[in-house]
Amino acid sequence: QVQLVESGGGLVQAGGSLRLSCAASGSISRLNAMGWYRQAPGKLRELVAGITSGGRTKYLDSVKDRFTISRDNAGNTIYLQMNSLKPEDTAVYYCNGNFDYSFNGAYWGPGTQVTVSS
């Protein structure tokens with residue numbers, strides 16, 4: 001089993017920055033892909049950014065050049081540095097983990113709210 005816990009959400013003005021963290025515990029040595037999803041009210045959950053154990057990354061087009069996903073050396077924690085935030089980035093952000101190399105794993109954190117005011 002894997003447990004994921006997000007932190008770092010909050011309220012920020014447009015143009016500001018936030019850094020989200022996701023700490024993994026349990027059978028983390030088997031996690032080969034981790035990512036960040038977000039879900040805004042009335043919208044589907046979407047993949048924002050993902051990173052594999054080999055360092056391959058994937059980004060949602062609308063966040064490229066603004067968001068950066070990274071992973072600590074131990075592979076226990078991933079981060080999402082979010083710069084130049086926009087009101088449309090407002091959502092609950094969820095951490096996701098997978099044992100294979102796709103970014104739609106079975107393990108989810110409880111989510112952290114990010115609100116960007118205009």
# chains A, B, ... in the order shown; residues from 1 in each chain; ligands from 1
$ select_by_dssp --residues "chain A" --states "strand (DSSP E)" --output "number ranges by chain"
A: 2-7, 10-13, 18-26, 33-39, 46-52, 57-59, 67-71, 77-82, 91-98, 107-108, 112-117
$ residues_around --residues "Asn76 in chain A" --least-positions-apart "4" --cutoff "7 Å" --atoms "only C-alpha atoms" --output "PyMOL selection string"
chain A and resi 23-24+28+72
$ residues_around --residues "Ser27 in chain A" --least-positions-apart "4" --cutoff "8 Å" --atoms "only C-alpha atoms" --output "PyMOL selection string"
chain A and resi 1-2+31
$ write_last_selection --atoms "C-alpha atoms" --output "PDB file, in the first residue's frame"
ATOM      1  CA  GLN A   1       0.000   0.000   0.000  1.00  0.00           C
ATOM      2  CA  VAL A   2       0.968   3.573  -0.605  1.00  0.00           C
ATOM      3  CA  LEU A  31       6.278   3.865  -7.385  1.00  0.00           C
TER       4      LEU A  31
END
$ residues_around --residues "Gly35 in chain A" --least-positions-apart "2" --cutoff "9 Å" --atoms "only C-alpha atoms" --output "list of chain:residue names"
A:Ala33, A:Tyr37, A:Leu47, A:Val48, A:Ala49, A:Gly50, A:Ile51, A:Thr52, A:Lys58, A:Ile69, A:Ile78, A:Tyr94, A:Cys95, A:Asn96, A:Gly97, A:Asn98, A:Phe103, A:Asn104, A:Gly105
$ residues_around --residues "Ala91 in chain A" --least-positions-apart "6" --cutoff "6 Å" --atoms "only C-alpha atoms" --output "list in words"
Arg38, Gln39, Ala40 and Val114 of chain A
$ atom_distance --atom1 "CA of Ser53 in chain A" --atom2 "CA of Tyr101 in chain A"
8.3 Å
$ residues_around --residues "Val12 in chain A" --least-positions-apart "2" --cutoff "9 Å" --atoms "only C-alpha atoms" --output "VMD selection string"
chain A and resid 10 14 to 18 85 114 to 117
$ write_last_selection --atoms "N, CA and C atoms" --output "CSV table (one decimal), in the first residue's frame"
chain,number,residue,atom,x,y,z
A,10,GLY,N,-3.1,26.9,-0.9
A,10,GLY,CA,-3.5,28.2,-0.2
A,10,GLY,C,-4.1,29.2,-1.2
A,14,ALA,N,-3.3,36.5,-8.4
A,14,ALA,CA,-2.8,36.2,-9.7
A,14,ALA,C,-1.4,36.8,-9.9
A,15,GLY,N,-0.6,36.0,-10.6
A,15,GLY,CA,0.8,36.3,-10.8
A,15,GLY,C,1.7,35.8,-9.7
A,16,GLY,N,1.2,35.3,-8.6
A,16,GLY,CA,2.0,34.8,-7.5
A,16,GLY,C,2.4,33.4,-7.8
A,17,SER,N,3.0,32.8,-6.7
A,17,SER,CA,3.6,31.5,-6.8
A,17,SER,C,3.2,30.7,-5.6
A,18,LEU,N,3.1,29.4,-5.8
A,18,LEU,CA,3.0,28.4,-4.7
A,18,LEU,C,3.8,27.2,-5.0
A,85,LEU,N,0.7,32.3,-11.5
A,85,LEU,CA,-0.6,31.7,-11.3
A,85,LEU,C,-1.7,32.5,-11.8
A,114,VAL,N,-6.1,25.0,-4.0
A,114,VAL,CA,-5.3,26.2,-4.5
A,114,VAL,C,-6.3,27.2,-5.1
A,115,THR,N,-6.3,28.4,-4.5
A,115,THR,CA,-7.2,29.4,-5.0
A,115,THR,C,-6.4,30.6,-5.4
A,116,VAL,N,-6.6,31.1,-6.6
A,116,VAL,CA,-5.9,32.2,-7.2
A,116,VAL,C,-6.9,33.3,-7.4
A,117,SER,N,-6.7,34.4,-6.7
A,117,SER,CA,-7.7,35.6,-6.8
A,117,SER,C,-7.2,36.5,-7.9
$ select_by_dssp --residues "range 21-91 of chain A" --states "helix (DSSP H, G or I)" --output "list in words"
Ile28, Ser29, Arg30, Asp61, Ser62, Val63, Pro87, Glu88 and Asp89 of chain A
$ closest_residue --among "A:Thr57, A:Gln113, A:Thr68, A:Gln13" --to "Val92 in chain A" --atoms "only C-alpha atoms"
A:Gln113
$ residues_around --residues "Arg19 in chain A" --least-positions-apart "3" --cutoff "9 Å" --atoms "only C-alpha atoms" --output "VMD selection string"
chain A and resid 7 to 9 79 to 83
$ atom_distance --atom1 "CA of Val5 in chain A" --atom2 "CA of Pro110 in chain A"
6.7 Å
$ closest_residue --among "A:Ser118, A:Ser102, A:Gly109, A:Lys43" --to "Glu6 in chain A" --atoms "only C-alpha atoms"
A:Gly109
$ decode --residues "range 74-86 of chain A" --atoms "all heavy atoms" --output "short mmCIF file (atom, residue, chain, number, x, y, z; two decimals), in the first residue's frame"
data_model
loop_
_atom_site.label_atom_id
_atom_site.label_comp_id
_atom_site.auth_asym_id
_atom_site.auth_seq_id
_atom_site.Cartn_x
_atom_site.Cartn_y
_atom_site.Cartn_z
N ALA A 74 15.47 10.64 -3.01
CA ALA A 74 14.99 9.38 -2.42
C ALA A 74 13.71 8.90 -3.08
O ALA A 74 13.33 7.74 -2.88
CB ALA A 74 14.76 9.57 -0.92
N GLY A 75 13.08 9.78 -3.85
CA GLY A 75 11.83 9.40 -4.52
C GLY A 75 10.63 9.39 -3.60
O GLY A 75 9.57 8.90 -3.98
N ASN A 76 10.80 9.96 -2.40
CA ASN A 76 9.69 9.92 -1.45
C ASN A 76 8.74 11.10 -1.59
O ASN A 76 7.61 11.04 -1.11
CB ASN A 76 10.25 9.96 -0.02
CG ASN A 76 11.11 8.76 0.29
OD1 ASN A 76 11.09 7.78 -0.43
ND2 ASN A 76 11.87 8.85 1.35
N THR A 77 9.22 12.16 -2.19
CA THR A 77 8.44 13.38 -2.24
C THR A 77 8.52 13.99 -3.64
O THR A 77 9.59 14.00 -4.26
CB THR A 77 8.97 14.42 -1.23
OG1 THR A 77 8.98 13.83 0.08
CG2 THR A 77 8.09 15.67 -1.20
N ILE A 78 7.40 14.45 -4.13
CA ILE A 78 7.40 15.22 -5.37
C ILE A 78 6.89 16.61 -5.08
O ILE A 78 6.19 16.85 -4.09
CB ILE A 78 6.57 14.57 -6.49
CG1 ILE A 78 5.09 14.49 -6.12
CG2 ILE A 78 7.13 13.21 -6.86
CD1 ILE A 78 4.19 14.14 -7.31
N TYR A 79 7.28 17.53 -5.95
CA TYR A 79 6.93 18.93 -5.77
C TYR A 79 6.31 19.46 -7.06
O TYR A 79 6.59 18.97 -8.15
CB TYR A 79 8.17 19.75 -5.43
CG TYR A 79 8.95 19.22 -4.25
CD1 TYR A 79 10.02 18.35 -4.44
CD2 TYR A 79 8.61 19.59 -2.95
CE1 TYR A 79 10.73 17.85 -3.36
CE2 TYR A 79 9.32 19.10 -1.87
CZ TYR A 79 10.38 18.23 -2.08
OH TYR A 79 11.07 17.73 -1.01
N LEU A 80 5.51 20.49 -6.89
CA LEU A 80 5.00 21.21 -8.05
C LEU A 80 5.20 22.70 -7.77
O LEU A 80 4.50 23.28 -6.93
CB LEU A 80 3.53 20.90 -8.30
CG LEU A 80 2.95 21.51 -9.57
CD1 LEU A 80 3.60 20.88 -10.81
CD2 LEU A 80 1.43 21.35 -9.64
N GLN A 81 6.18 23.27 -8.43
CA GLN A 81 6.40 24.70 -8.32
C GLN A 81 5.51 25.40 -9.33
O GLN A 81 5.61 25.14 -10.53
CB GLN A 81 7.87 25.04 -8.60
CG GLN A 81 8.19 26.52 -8.55
CD GLN A 81 8.02 27.11 -7.16
OE1 GLN A 81 8.43 26.50 -6.17
NE2 GLN A 81 7.42 28.28 -7.07
N MET A 82 4.64 26.25 -8.84
CA MET A 82 3.66 26.92 -9.69
C MET A 82 3.93 28.42 -9.67
O MET A 82 3.82 29.05 -8.61
CB MET A 82 2.24 26.63 -9.19
CG MET A 82 1.92 25.15 -9.08
SD MET A 82 0.19 24.82 -8.67
CE MET A 82 0.12 25.49 -7.02
N ASN A 83 4.31 28.96 -10.81
CA ASN A 83 4.59 30.38 -10.94
C ASN A 83 3.58 31.03 -11.88
O ASN A 83 2.89 30.34 -12.64
CB ASN A 83 6.00 30.59 -11.50
CG ASN A 83 7.07 30.02 -10.60
OD1 ASN A 83 6.94 30.01 -9.37
ND2 ASN A 83 8.16 29.54 -11.19
N SER A 84 3.51 32.34 -11.82
CA SER A 84 2.60 33.10 -12.69
C SER A 84 1.19 32.52 -12.64
O SER A 84 0.57 32.29 -13.69
CB SER A 84 3.13 33.11 -14.13
OG SER A 84 4.43 33.64 -14.19
N LEU A 85 0.72 32.29 -11.45
CA LEU A 85 -0.59 31.65 -11.29
C LEU A 85 -1.71 32.53 -11.83
O LEU A 85 -1.65 33.77 -11.75
CB LEU A 85 -0.83 31.32 -9.82
CG LEU A 85 -0.09 30.05 -9.34
CD1 LEU A 85 0.02 30.04 -7.83
CD2 LEU A 85 -0.80 28.81 -9.85
N LYS A 86 -2.71 31.86 -12.38
CA LYS A 86 -3.87 32.53 -12.97
C LYS A 86 -5.13 32.07 -12.24
O LYS A 86 -5.16 30.96 -11.69
CB LYS A 86 -3.98 32.17 -14.44
CG LYS A 86 -2.74 32.48 -15.26
CD LYS A 86 -2.89 32.01 -16.70
CE LYS A 86 -1.65 32.32 -17.52
NZ LYS A 86 -1.80 31.85 -18.93
#
